[in-house]
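Engineer: Once you've had a glance at the structure underneath, I'll fire off some questions.
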Amino acid sequence: MTSEPLLSVRDLRVEFSTSAGVVTAVDGASFDVRRGETVALLGESGSGKSVTAQAMLGIIPKPAGRVTGGSIEYDGRDLLALPATATRELRGREIAMVFQDPLSSLNPVFRVGAQIGEMFRKHRGASRKEARAEALELMRRVGIPAAEKRLDDYPHQFSGGMRQRVMIAMALALSPRLLIADEPTTALDVTVQAQIMDLLARLQDEEGMSLVLITHDLGVVADVADRVVLMYAGRVVEAGPIREVYEHSAHPYTAGLMGSLPAIDGPRERLTPIQGAPPDLLDLPSGCSFRPRCAFASERCADEEPVLLGAPGRPAPHSSACHHAGKVLTDAP
Amino acid sequence: MPPETTPLLQVRDLHTTFPLRSALLRRTVGHVQAVAGVSFDIPAGGTLGLVGESGSGKSTVARTIVGLEKCAAGSILFEGEDLTSLPPARMRQVRRQLQMIFQDPYASLNPRATVEQIITEAWEIHPDVVPRDRFKPEVRELLERVGLNPDHAARYPHQFSGGQRQRIGIARALALRPKLVICDEAVSALDVSVQAQVLNLLAELREDLGLAYLFIAHDLSVVRHISDQVAVMYLGRIVETASQQELFAEPVHPYTQALLSAVPDPLPWARPPRTPIIIGGDVPSPADPPSGCRFRTRCWKAQDVCATEDPALEPRLGLHPAACHFAERRTELVVG
Amino acid sequence: MTSTDLDLTTTAVPRPATSTRGRAGSARIRFGLAVIIVYVVAAAIGPWLVRFDPVATRTQDRLKPPGSRLSDGSLAILGTDQVGQDLLAQMLQGARISIAVGLATLLLAGTIGVTVGLAAGYFGGWLDSVLMRLADIQLAFPSILLAIFIAALLGPSVVNVVIVLAVSNWVTFARVTRGQALTTRRREFVDASRTLGAGTWRLIRRCVLPACIAPVLVVATVEIGHVILAEASLSFLGLGTPASTPSWGVTIANGRNYLADAWWISTVPGIALAFLVVSLGVLGDALRDRYDPRLRSL
Ligand SMILES: Nc1ncnc2c1ncn2[C@@H]1O[C@H](COP(=O)(O)OP(=O)(O)OP(=O)(O)O)[C@@H](O)[C@H]1O
Ligand SMILES: Nc1ncnc2c1ncn2[C@@H]1O[C@H](COP(=O)(O)OP(=O)(O)OP(=O)(O)O)[C@@H](O)[C@H]1O
Ligand SMILES: [Mg+2]
Ligand SMILES: [Mg+2]
């Protein structure tokens, strides 16, 4: 692992114009992904994780969405400044993505084998037969049982978890250098999940692949991620090495997240979700967007938007965007 | 343990198969036994958690119970009436007490219908439940019940967040006043804090309305949190079933043990390191299951007898039912 | 499986929850609509303003070029034909017939096509195979031959033209509807309705059909141009509307023999026809881009 980042996102802003007004889905997010590293993107539903990933791949749905600021540097080149043909070339070959929604990302009227093989035909100019063989190999690698029999099945004949594996197979087809995986294991049982995460880890070891992992599963993150970036309402609210952030949460949102988890052992108690409703991006409160749901909120939080700063009293790469980070740290159970 | 009265739902030796067609002529060339002999009970007001390998047939069990797939053999008794042999009219009456909450909060709501239309559809189909002039107030009541703003009844699904949509799905399932609600990965797509809210809602509904749940999920912490009983499926069969406490504390089937050992721990640093049991090998295809014990091809304890003799799901080691010739008690898997 | 012309969308991005549709092609849509409104208004009120009498002949006013004064002192803006009929009046009358035939054909072809497509896509299995084979056969048979055959059998009349054209145009509707039904019936919300106890008829009407409307409308807009053109061709060949009904095709055919000394008889309705068809095509394409980018390869 070298320290020079493969991907560097700086002050990224993405806006969507909707019928109700302009939504700032990503609002000044910055983070790095180094070679061979796994960075987890955590955050509430609607906090801009998928949009950030779409921006990295240059596939923000147009014309509703627009990148209105910042830069995304990949291997020394600013992806946002590259012509569309160049990003398309990068996508698929070097940067691949596993989409969040396996059912709607697979075409229901084409056979699964053909859909995977299409990657090889499109990018490598492989023949139909070669593509089929490669597709078969990949399906085996992601652990689809009786792969040769299932090549000619349609997506609806697969269980949810198997569809997810097909999506992963398609993303891994061209041995990318950066894999962006949006909830890759949500529909999988824990043993298959462990298997897939294992496969990804092996690829990282063998080929130095970097991984951006978007997920809601705090357990998976603890297992595989090196660093974690937490987003709330389009902003990065906390970032740092995984154990640091989990054990010494310096933002009330992170602390709330940890508190919402049902435990695998110990007594069963009523869960304590974060109070209140997710933020309305069209009508964000002044100052800190988490303020209406926060037990620590003070007047300062309404007046002054907190910026991402080193967490007080914690080692360097740990940062938090909270005026009361110190108090959050000491109050934690 | 369930009381002496008949359970709300009794599933006996359920089989569901899908035809396997040849690619060219679409002729049926075989059968996928997606569910191959599953039995369980759910008492009124109880919750059975169903976990297991992806592709093991959990969704198919759920879909067969609510009538979305055809049952090939076995019986599904709801309050003593067999759903597989009821006349159609009676079937509609019975089936409506069995509702389902789907996994995908995006795909499971008709994008062209308002929340009100989505909920009232049930009453249009069964006009005896709520008279037409009561639609509006009843919709409001339901929305309030699931924690949504009743003034949003005229909105479309895309105007809601994932968690809110799942609440719409819950409201729809509650519209027919069911006694049993099947949750197929109903909280899997939600983020942790919304998931906690929905889980709390489900628990509240269970207390207030006496609902029973069949709760399917991959997240074992969630299953442990909500279930009374837990059943573990592998390749179309239940391999182990026990009360929640016992299953998590003393699993005896190797597959269950592997499953529990692989649960990702959000705070792994706080405990002594665990060694997950990695089960190697390929998952066999349900079209061509192994002889004898279905797990034997991947089991580290497998012996010759496992290939010849199908282990019965019966109490083992004086504990709970498990389908393994070499059941062994292990207690260290979850608690580090 | 039957051939489907949709392209592989393996790298498609799932449409996000709150996507606002891009206002793709607004200018083209406005242009197309404006042209069509002009034609429809002209067809609706034109024949009242400029009287047309199909049996009148005025030999002294034969073959007058556009802009001529006629014997009764009126101005023939577009000239007259070989029997002295005012061309403008004839065209306005013809617009009525062309547009009416177009709409009636679409209605009939659409009804047949959507019904077949729904049945094939929703029920699948052998029904799907049979219906789609039928569609393939229909496509393989040259439609003009079929038209000649049917017209010869039934004789020329407006109703028969509609039948002929509908028979040769339903397949596109069936294809599009089938594709849409096929994907929609597997959506989870359809299962959800089924769990509530909804019957087949209700599922088709409430879940599947609404999803087909937008693509079918798009197809209809593209097809209506073809249909109007086909009606003109049939009439030109003498197989369409009877000669006493002055559809554009009939007028163009009549002018054929006078091309050398009275070019306007065929040319003016020809241009009017071409302009309408092109505008409909533009509108159809724009609607297609806006509502269903996947149809582009059809
Ligand atoms: N095409 C679009 N048009 C309008 N708004 C959009 C679009 N795509 C995303 N958004 C908005 O941008 C915000 C961020 O969305 P995003 O999909 O990134 O969330 P997320 O963090 O990935 O959530 P989840 O965990 O649910 O996947 C949301 O409020 C969403 O409504
Ligand atoms: N319509 C179908 N046609 C053919 N096979 C099917 C069909 N639906 C499901 N199957 C097969 O039945 C088996 C069980 O699928 P099911 O969806 O019930 O699994 P599951 O336990 O819910 O898995 P997951 O956890 O991944 O959702 C799988 O092997 C699947 O491929
Ligand atoms: Mg997302
Ligand atoms: Mg499932």
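As shown in the structure tokens, the chain order sets the letters A, B, ...; within each chain, residues go from 1, and ligands are also counted from 1 in the order they appear.
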Could you list the protein, DNA and RNA residues that have any atom within 6 Å of ligand 2, counting only C-alpha atoms and all ligand atoms, and write them as a ChimeraX atom specification?
Structural biologist: /A:157-162,188 /B:18,34,54-60,286
Engineer: Write as a PyMOL selection string the residues around ligand 3, taking 9 Å as the cut-off and counting only C-alpha atoms and all ligand atoms.
Structural biologist: (chain A and resi 45-51+53+99-101+182-183+214-215) or (chain C and resi 16)
Engineer: Could you save the residues just selected, with all heavy atoms, as a short mmCIF file (atom, residue, chain, number, x, y, z; two decimals), in the first residue's frame?
Structural biologist:
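Saved to result_11.cif:
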data_model
loop_
_atom_site.label_atom_id
_atom_site.label_comp_id
_atom_site.auth_asym_id
_atom_site.auth_seq_id
_atom_site.Cartn_x
_atom_site.Cartn_y
_atom_site.Cartn_z
N SER A 45 -29.69 6.65 4.51
CA SER A 45 -30.30 6.54 3.20
C SER A 45 -30.60 7.95 2.68
O SER A 45 -31.19 8.75 3.38
CB SER A 45 -31.58 5.74 3.38
OG SER A 45 -32.24 5.61 2.20
N GLY A 46 -30.15 8.27 1.47
CA GLY A 46 -30.37 9.60 0.93
C GLY A 46 -29.30 10.60 1.27
O GLY A 46 -29.41 11.78 0.97
N SER A 47 -28.21 10.14 1.90
CA SER A 47 -27.17 11.07 2.31
C SER A 47 -26.19 11.37 1.19
O SER A 47 -25.28 12.16 1.37
CB SER A 47 -26.43 10.52 3.53
OG SER A 47 -25.85 9.28 3.21
N GLY A 48 -26.36 10.73 0.04
CA GLY A 48 -25.52 11.07 -1.09
C GLY A 48 -24.42 10.07 -1.40
O GLY A 48 -23.52 10.36 -2.19
N LYS A 49 -24.47 8.90 -0.82
CA LYS A 49 -23.42 7.91 -1.07
C LYS A 49 -23.45 7.43 -2.51
O LYS A 49 -22.43 7.43 -3.19
CB LYS A 49 -23.59 6.70 -0.12
CG LYS A 49 -23.65 7.08 1.34
CD LYS A 49 -23.79 5.87 2.23
CE LYS A 49 -25.07 5.08 2.01
NZ LYS A 49 -26.30 5.77 2.46
N SER A 50 -24.62 7.02 -2.97
CA SER A 50 -24.70 6.51 -4.34
C SER A 50 -24.40 7.62 -5.35
O SER A 50 -23.77 7.37 -6.37
CB SER A 50 -26.09 5.95 -4.62
OG SER A 50 -26.34 4.85 -3.78
N VAL A 51 -24.84 8.81 -5.05
CA VAL A 51 -24.57 9.92 -5.97
C VAL A 51 -23.08 10.19 -6.05
O VAL A 51 -22.52 10.44 -7.13
CB VAL A 51 -25.36 11.18 -5.55
CG1 VAL A 51 -24.94 12.38 -6.37
CG2 VAL A 51 -26.86 10.94 -5.70
N ALA A 53 -20.78 7.99 -5.70
CA ALA A 53 -20.26 6.92 -6.54
C ALA A 53 -20.55 7.19 -8.02
O ALA A 53 -19.68 7.01 -8.88
CB ALA A 53 -20.87 5.59 -6.12
N PHE A 99 -23.86 -2.21 -8.78
CA PHE A 99 -24.97 -1.32 -8.47
C PHE A 99 -25.81 -1.84 -7.31
O PHE A 99 -25.84 -3.03 -7.02
CB PHE A 99 -25.85 -1.10 -9.69
CG PHE A 99 -25.19 -0.25 -10.71
CD1 PHE A 99 -24.62 -0.81 -11.83
CD2 PHE A 99 -25.11 1.11 -10.52
CE1 PHE A 99 -23.99 -0.03 -12.78
CE2 PHE A 99 -24.49 1.90 -11.46
CZ PHE A 99 -23.93 1.34 -12.58
N GLN A 100 -26.51 -0.88 -6.72
CA GLN A 100 -27.27 -1.16 -5.52
C GLN A 100 -28.44 -2.10 -5.78
O GLN A 100 -28.79 -2.91 -4.95
CB GLN A 100 -27.79 0.17 -4.98
CG GLN A 100 -28.43 0.09 -3.63
CD GLN A 100 -28.66 1.48 -3.07
OE1 GLN A 100 -28.36 2.48 -3.71
NE2 GLN A 100 -29.17 1.55 -1.87
N ASP A 101 -29.01 -2.00 -6.99
CA ASP A 101 -30.29 -2.63 -7.22
C ASP A 101 -30.14 -3.73 -8.27
O ASP A 101 -30.25 -3.46 -9.45
CB ASP A 101 -31.23 -1.52 -7.70
CG ASP A 101 -32.62 -2.03 -7.95
OD1 ASP A 101 -32.83 -3.24 -7.86
OD2 ASP A 101 -33.48 -1.20 -8.24
N ASP A 182 -21.73 -0.73 -4.39
CA ASP A 182 -22.84 -0.09 -3.69
C ASP A 182 -23.72 -1.19 -3.09
O ASP A 182 -24.45 -1.85 -3.81
CB ASP A 182 -23.63 0.78 -4.68
CG ASP A 182 -24.48 1.82 -3.98
OD1 ASP A 182 -24.61 1.73 -2.74
OD2 ASP A 182 -25.03 2.70 -4.66
N GLU A 183 -23.63 -1.39 -1.82
CA GLU A 183 -24.38 -2.43 -1.12
C GLU A 183 -24.24 -3.80 -1.80
O GLU A 183 -25.24 -4.40 -2.20
CB GLU A 183 -25.87 -2.07 -1.08
CG GLU A 183 -26.12 -0.63 -0.82
CD GLU A 183 -26.69 -0.40 0.56
OE1 GLU A 183 -27.00 -1.40 1.23
OE2 GLU A 183 -26.77 0.75 0.96
N ILE A 214 -19.84 0.83 -0.23
CA ILE A 214 -20.99 1.55 0.32
C ILE A 214 -21.90 0.52 0.95
O ILE A 214 -22.29 -0.44 0.29
CB ILE A 214 -21.73 2.30 -0.80
CG1 ILE A 214 -20.77 3.25 -1.52
CG2 ILE A 214 -22.93 3.04 -0.24
CD1 ILE A 214 -21.40 3.96 -2.70
N THR A 215 -22.22 0.69 2.20
CA THR A 215 -23.04 -0.32 2.85
C THR A 215 -23.71 0.24 4.09
O THR A 215 -23.36 1.30 4.58
CB THR A 215 -22.20 -1.55 3.24
OG1 THR A 215 -23.02 -2.46 3.95
CG2 THR A 215 -21.02 -1.17 4.10
N PRO C 16 -32.77 6.56 -10.30
CA PRO C 16 -32.89 6.89 -8.88
C PRO C 16 -34.32 7.27 -8.52
O PRO C 16 -35.12 7.62 -9.38
CB PRO C 16 -31.97 8.09 -8.71
CG PRO C 16 -31.21 8.21 -9.96
CD PRO C 16 -31.97 7.52 -11.03
#
Engineer: With 12 Å as the cut-off and only C-alpha atoms and all ligand atoms counted, what is the closest atom pair between each nearby residue of chain B and ligand 4? Distances in Å to one decimal, ordered by chain and number, as CSV.
Structural biologist:
residue,atom,partner,partner_atom_place_in_ligand_line,distance
B:Ala34,CA,ligand 4,1 (Mg),11.3
B:Leu50,CA,ligand 4,1 (Mg),10.6
B:Val51,CA,ligand 4,1 (Mg),10.0
B:Gly52,CA,ligand 4,1 (Mg),9.8
B:Glu53,CA,ligand 4,1 (Mg),9.6
B:Ser54,CA,ligand 4,1 (Mg),6.9
B:Gly55,CA,ligand 4,1 (Mg),6.8
B:Ser56,CA,ligand 4,1 (Mg),8.3
B:Gly57,CA,ligand 4,1 (Mg),7.1
B:Lys58,CA,ligand 4,1 (Mg),5.7
B:Ser59,CA,ligand 4,1 (Mg),4.1
B:Thr60,CA,ligand 4,1 (Mg),7.3
B:Val61,CA,ligand 4,1 (Mg),9.3
B:Ala62,CA,ligand 4,1 (Mg),8.8
B:Arg63,CA,ligand 4,1 (Mg),9.6
B:Phe102,CA,ligand 4,1 (Mg),9.8
B:Gln103,CA,ligand 4,1 (Mg),8.3
B:Asp104,CA,ligand 4,1 (Mg),10.8
B:Cys183,CA,ligand 4,1 (Mg),10.6
B:Asp184,CA,ligand 4,1 (Mg),6.8
B:Glu185,CA,ligand 4,1 (Mg),7.2
B:Ala186,CA,ligand 4,1 (Mg),10.5
B:Ser188,CA,ligand 4,1 (Mg),10.8
B:Phe215,CA,ligand 4,1 (Mg),11.5
B:Ile216,CA,ligand 4,1 (Mg),8.1
B:Ala217,CA,ligand 4,1 (Mg),8.5
B:His218,CA,ligand 4,1 (Mg),9.3
B:Met233,CA,ligand 4,1 (Mg),11.7
Engineer: Output N, CA and C atoms of each residue in that selection to a file, as a PDB file, in the first residue's frame.
Structural biologist:
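So the final result, stored in again.pdb, reads:
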ATOM      1  N   ALA B  34     -37.045 -26.257  -5.096  1.00  0.00           N
ATOM      2  CA  ALA B  34     -36.652 -25.085  -4.326  1.00  0.00           C
ATOM      3  C   ALA B  34     -36.983 -25.274  -2.850  1.00  0.00           C
ATOM      4  N   LEU B  50     -36.713 -16.982   9.923  1.00  0.00           N
ATOM      5  CA  LEU B  50     -36.233 -17.972   8.958  1.00  0.00           C
ATOM      6  C   LEU B  50     -34.930 -17.441   8.367  1.00  0.00           C
ATOM      7  N   VAL B  51     -33.859 -18.178   8.596  1.00  0.00           N
ATOM      8  CA  VAL B  51     -32.564 -17.742   8.065  1.00  0.00           C
ATOM      9  C   VAL B  51     -31.992 -18.865   7.213  1.00  0.00           C
ATOM     10  N   GLY B  52     -30.904 -18.588   6.546  1.00  0.00           N
ATOM     11  CA  GLY B  52     -30.269 -19.646   5.778  1.00  0.00           C
ATOM     12  C   GLY B  52     -29.586 -19.144   4.545  1.00  0.00           C
ATOM     13  N   GLU B  53     -28.906 -20.088   3.920  1.00  0.00           N
ATOM     14  CA  GLU B  53     -28.174 -19.858   2.690  1.00  0.00           C
ATOM     15  C   GLU B  53     -29.023 -19.078   1.681  1.00  0.00           C
ATOM     16  N   SER B  54     -28.362 -18.211   0.976  1.00  0.00           N
ATOM     17  CA  SER B  54     -29.051 -17.518  -0.095  1.00  0.00           C
ATOM     18  C   SER B  54     -29.356 -18.514  -1.211  1.00  0.00           C
ATOM     19  N   GLY B  55     -30.612 -18.582  -1.626  1.00  0.00           N
ATOM     20  CA  GLY B  55     -31.022 -19.584  -2.606  1.00  0.00           C
ATOM     21  C   GLY B  55     -31.522 -20.868  -1.971  1.00  0.00           C
ATOM     22  N   SER B  56     -31.668 -20.872  -0.639  1.00  0.00           N
ATOM     23  CA  SER B  56     -32.090 -22.104   0.022  1.00  0.00           C
ATOM     24  C   SER B  56     -33.606 -22.276  -0.012  1.00  0.00           C
ATOM     25  N   GLY B  57     -34.325 -21.278  -0.493  1.00  0.00           N
ATOM     26  CA  GLY B  57     -35.760 -21.443  -0.640  1.00  0.00           C
ATOM     27  C   GLY B  57     -36.589 -20.676   0.375  1.00  0.00           C
ATOM     28  N   LYS B  58     -36.016 -19.734   1.074  1.00  0.00           N
ATOM     29  CA  LYS B  58     -36.777 -18.975   2.063  1.00  0.00           C
ATOM     30  C   LYS B  58     -37.886 -18.159   1.408  1.00  0.00           C
ATOM     31  N   SER B  59     -37.514 -17.428   0.371  1.00  0.00           N
ATOM     32  CA  SER B  59     -38.542 -16.635  -0.313  1.00  0.00           C
ATOM     33  C   SER B  59     -39.584 -17.537  -0.926  1.00  0.00           C
ATOM     34  N   THR B  60     -39.167 -18.680  -1.422  1.00  0.00           N
ATOM     35  CA  THR B  60     -40.125 -19.585  -2.041  1.00  0.00           C
ATOM     36  C   THR B  60     -41.110 -20.113  -1.004  1.00  0.00           C
ATOM     37  N   VAL B  61     -40.649 -20.412   0.203  1.00  0.00           N
ATOM     38  CA  VAL B  61     -41.563 -20.805   1.277  1.00  0.00           C
ATOM     39  C   VAL B  61     -42.593 -19.700   1.489  1.00  0.00           C
ATOM     40  N   ALA B  62     -42.102 -18.475   1.609  1.00  0.00           N
ATOM     41  CA  ALA B  62     -42.990 -17.343   1.856  1.00  0.00           C
ATOM     42  C   ALA B  62     -43.990 -17.183   0.712  1.00  0.00           C
ATOM     43  N   ARG B  63     -43.489 -17.241  -0.512  1.00  0.00           N
ATOM     44  CA  ARG B  63     -44.356 -17.026  -1.666  1.00  0.00           C
ATOM     45  C   ARG B  63     -45.368 -18.154  -1.830  1.00  0.00           C
ATOM     46  N   PHE B 102     -42.706  -6.857   1.410  1.00  0.00           N
ATOM     47  CA  PHE B 102     -41.670  -7.270   0.467  1.00  0.00           C
ATOM     48  C   PHE B 102     -40.340  -6.623   0.781  1.00  0.00           C
ATOM     49  N   GLN B 103     -39.316  -7.191   0.158  1.00  0.00           N
ATOM     50  CA  GLN B 103     -37.961  -6.729   0.445  1.00  0.00           C
ATOM     51  C   GLN B 103     -37.685  -5.332  -0.091  1.00  0.00           C
ATOM     52  N   ASP B 104     -38.060  -5.131  -1.358  1.00  0.00           N
ATOM     53  CA  ASP B 104     -37.580  -3.936  -2.027  1.00  0.00           C
ATOM     54  C   ASP B 104     -38.589  -2.803  -1.891  1.00  0.00           C
ATOM     55  N   CYS B 183     -42.617 -11.274   6.506  1.00  0.00           N
ATOM     56  CA  CYS B 183     -41.674 -10.205   6.173  1.00  0.00           C
ATOM     57  C   CYS B 183     -40.492 -10.836   5.461  1.00  0.00           C
ATOM     58  N   ASP B 184     -40.452 -10.730   4.127  1.00  0.00           N
ATOM     59  CA  ASP B 184     -39.332 -11.306   3.393  1.00  0.00           C
ATOM     60  C   ASP B 184     -38.253 -10.239   3.239  1.00  0.00           C
ATOM     61  N   GLU B 185     -37.260 -10.287   4.062  1.00  0.00           N
ATOM     62  CA  GLU B 185     -36.172  -9.308   4.044  1.00  0.00           C
ATOM     63  C   GLU B 185     -36.727  -7.897   4.109  1.00  0.00           C
ATOM     64  N   ALA B 186     -37.734  -7.720   4.952  1.00  0.00           N
ATOM     65  CA  ALA B 186     -38.436  -6.447   4.959  1.00  0.00           C
ATOM     66  C   ALA B 186     -37.583  -5.296   5.476  1.00  0.00           C
ATOM     67  N   SER B 188     -34.050  -5.405   5.214  1.00  0.00           N
ATOM     68  CA  SER B 188     -32.684  -5.540   4.694  1.00  0.00           C
ATOM     69  C   SER B 188     -32.211  -4.322   3.911  1.00  0.00           C
ATOM     70  N   PHE B 215     -40.546 -14.159   9.777  1.00  0.00           N
ATOM     71  CA  PHE B 215     -39.582 -13.092   9.535  1.00  0.00           C
ATOM     72  C   PHE B 215     -38.334 -13.654   8.863  1.00  0.00           C
ATOM     73  N   ILE B 216     -38.156 -13.300   7.605  1.00  0.00           N
ATOM     74  CA  ILE B 216     -37.009 -13.804   6.849  1.00  0.00           C
ATOM     75  C   ILE B 216     -35.948 -12.712   6.779  1.00  0.00           C
ATOM     76  N   ALA B 217     -34.730 -13.033   7.134  1.00  0.00           N
ATOM     77  CA  ALA B 217     -33.673 -12.035   7.042  1.00  0.00           C
ATOM     78  C   ALA B 217     -32.316 -12.710   7.001  1.00  0.00           C
ATOM     79  N   HIS B 218     -31.357 -11.974   6.484  1.00  0.00           N
ATOM     80  CA  HIS B 218     -29.982 -12.471   6.495  1.00  0.00           C
ATOM     81  C   HIS B 218     -29.237 -11.991   7.718  1.00  0.00           C
ATOM     82  N   MET B 233     -32.498 -22.754   7.218  1.00  0.00           N
ATOM     83  CA  MET B 233     -32.709 -23.534   5.996  1.00  0.00           C
ATOM     84  C   MET B 233     -31.415 -23.735   5.242  1.00  0.00           C
TER      85      MET B 233
END
Engineer: Tell me the residues of chain A close to chain C, meaning within 10 Å using only C-alpha atoms, as a ChimeraX atom specification.
Structural biologist: /A:16-20,46,50-51,54,59-65,92,97-110,112,114-116,118-119,156,167,170-171
Engineer: Return as a ChimeraX atom specification the residues belonging to chain A that are within 7 Å of chain B, counting only C-alpha atoms.
Structural biologist: /A:44-45,143,145-146,152,159,161,186,188-191,194,216,218-220,222-223,257,260-265,268,270-274
Engineer: Between CA of Pro241 in chain A and CA of Arg227 in chain A, what distance in Å does the model show, to one decimal?
Structural biologist: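 Going from CA of Pro241 in chain A over to CA of Arg227 in chain A, I get 4.2 Å.
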Engineer: Any idea what the distance is between CA of Glu69 in chain B and CA of Arg237 in chain B?
Structural biologist: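 CA of Arg237 in chain B lies 17.1 Å from CA of Glu69 in chain B.
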Engineer: Please list as a count of residues only every residue within 12 Å of Ala322 in chain B, counting only C-alpha atoms and excluding residues in the same chain fewer than 6 positions away.
Structural biologist: 30
Engineer: Got a sec to pull out which chain B residues are within 10 Å of chain C, counting only C-alpha atoms, and send them as a VMD selection string?
Structural biologist: chain B and resid 23 to 26 63 66 to 68 91 to 93 95 to 113 118 121 to 126 157 to 162 169 172 to 173 175 to 176
Engineer: Could you check which of B:Ile182, B:Arg271, B:Gln166, B:Arg298 is closest to ligand 1, using only C-alpha atoms and all ligand atoms?
Structural biologist: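 Using only C-alpha atoms and all ligand atoms, the shortest distance to ligand 1 belongs to B:Gln166.
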Engineer: As a PyMOL selection string, list the residues of range 63-292 of chain C assigned to strand (DSSP E or B) by DSSP on the backbone atoms of this structure.
Structural biologist: chain C and resi 68-69+75-76+80+86
Engineer: Among range 123-233 of chain B, which residues does DSSP mark as helix (DSSP H, G or I) when it is run on the backbone? Keep the chain and numbering as in the structure and answer as number ranges by chain.
Structural biologist: B: 123-125, 132-145, 150-152, 157-159, 162-174, 192-209, 220-226
Engineer: Can you work out the spacing between CA of Ile144 in chain A and CA of Asp217 in chain A in Å, to one decimal?
Structural biologist: 22.9 Å
Engineer: Using only C-alpha atoms and all ligand atoms for the distances, tell me which of A:Gly58, A:Gly256, A:Gly43, A:Gly313 is nearest to ligand 1.
Structural biologist: A:Gly43
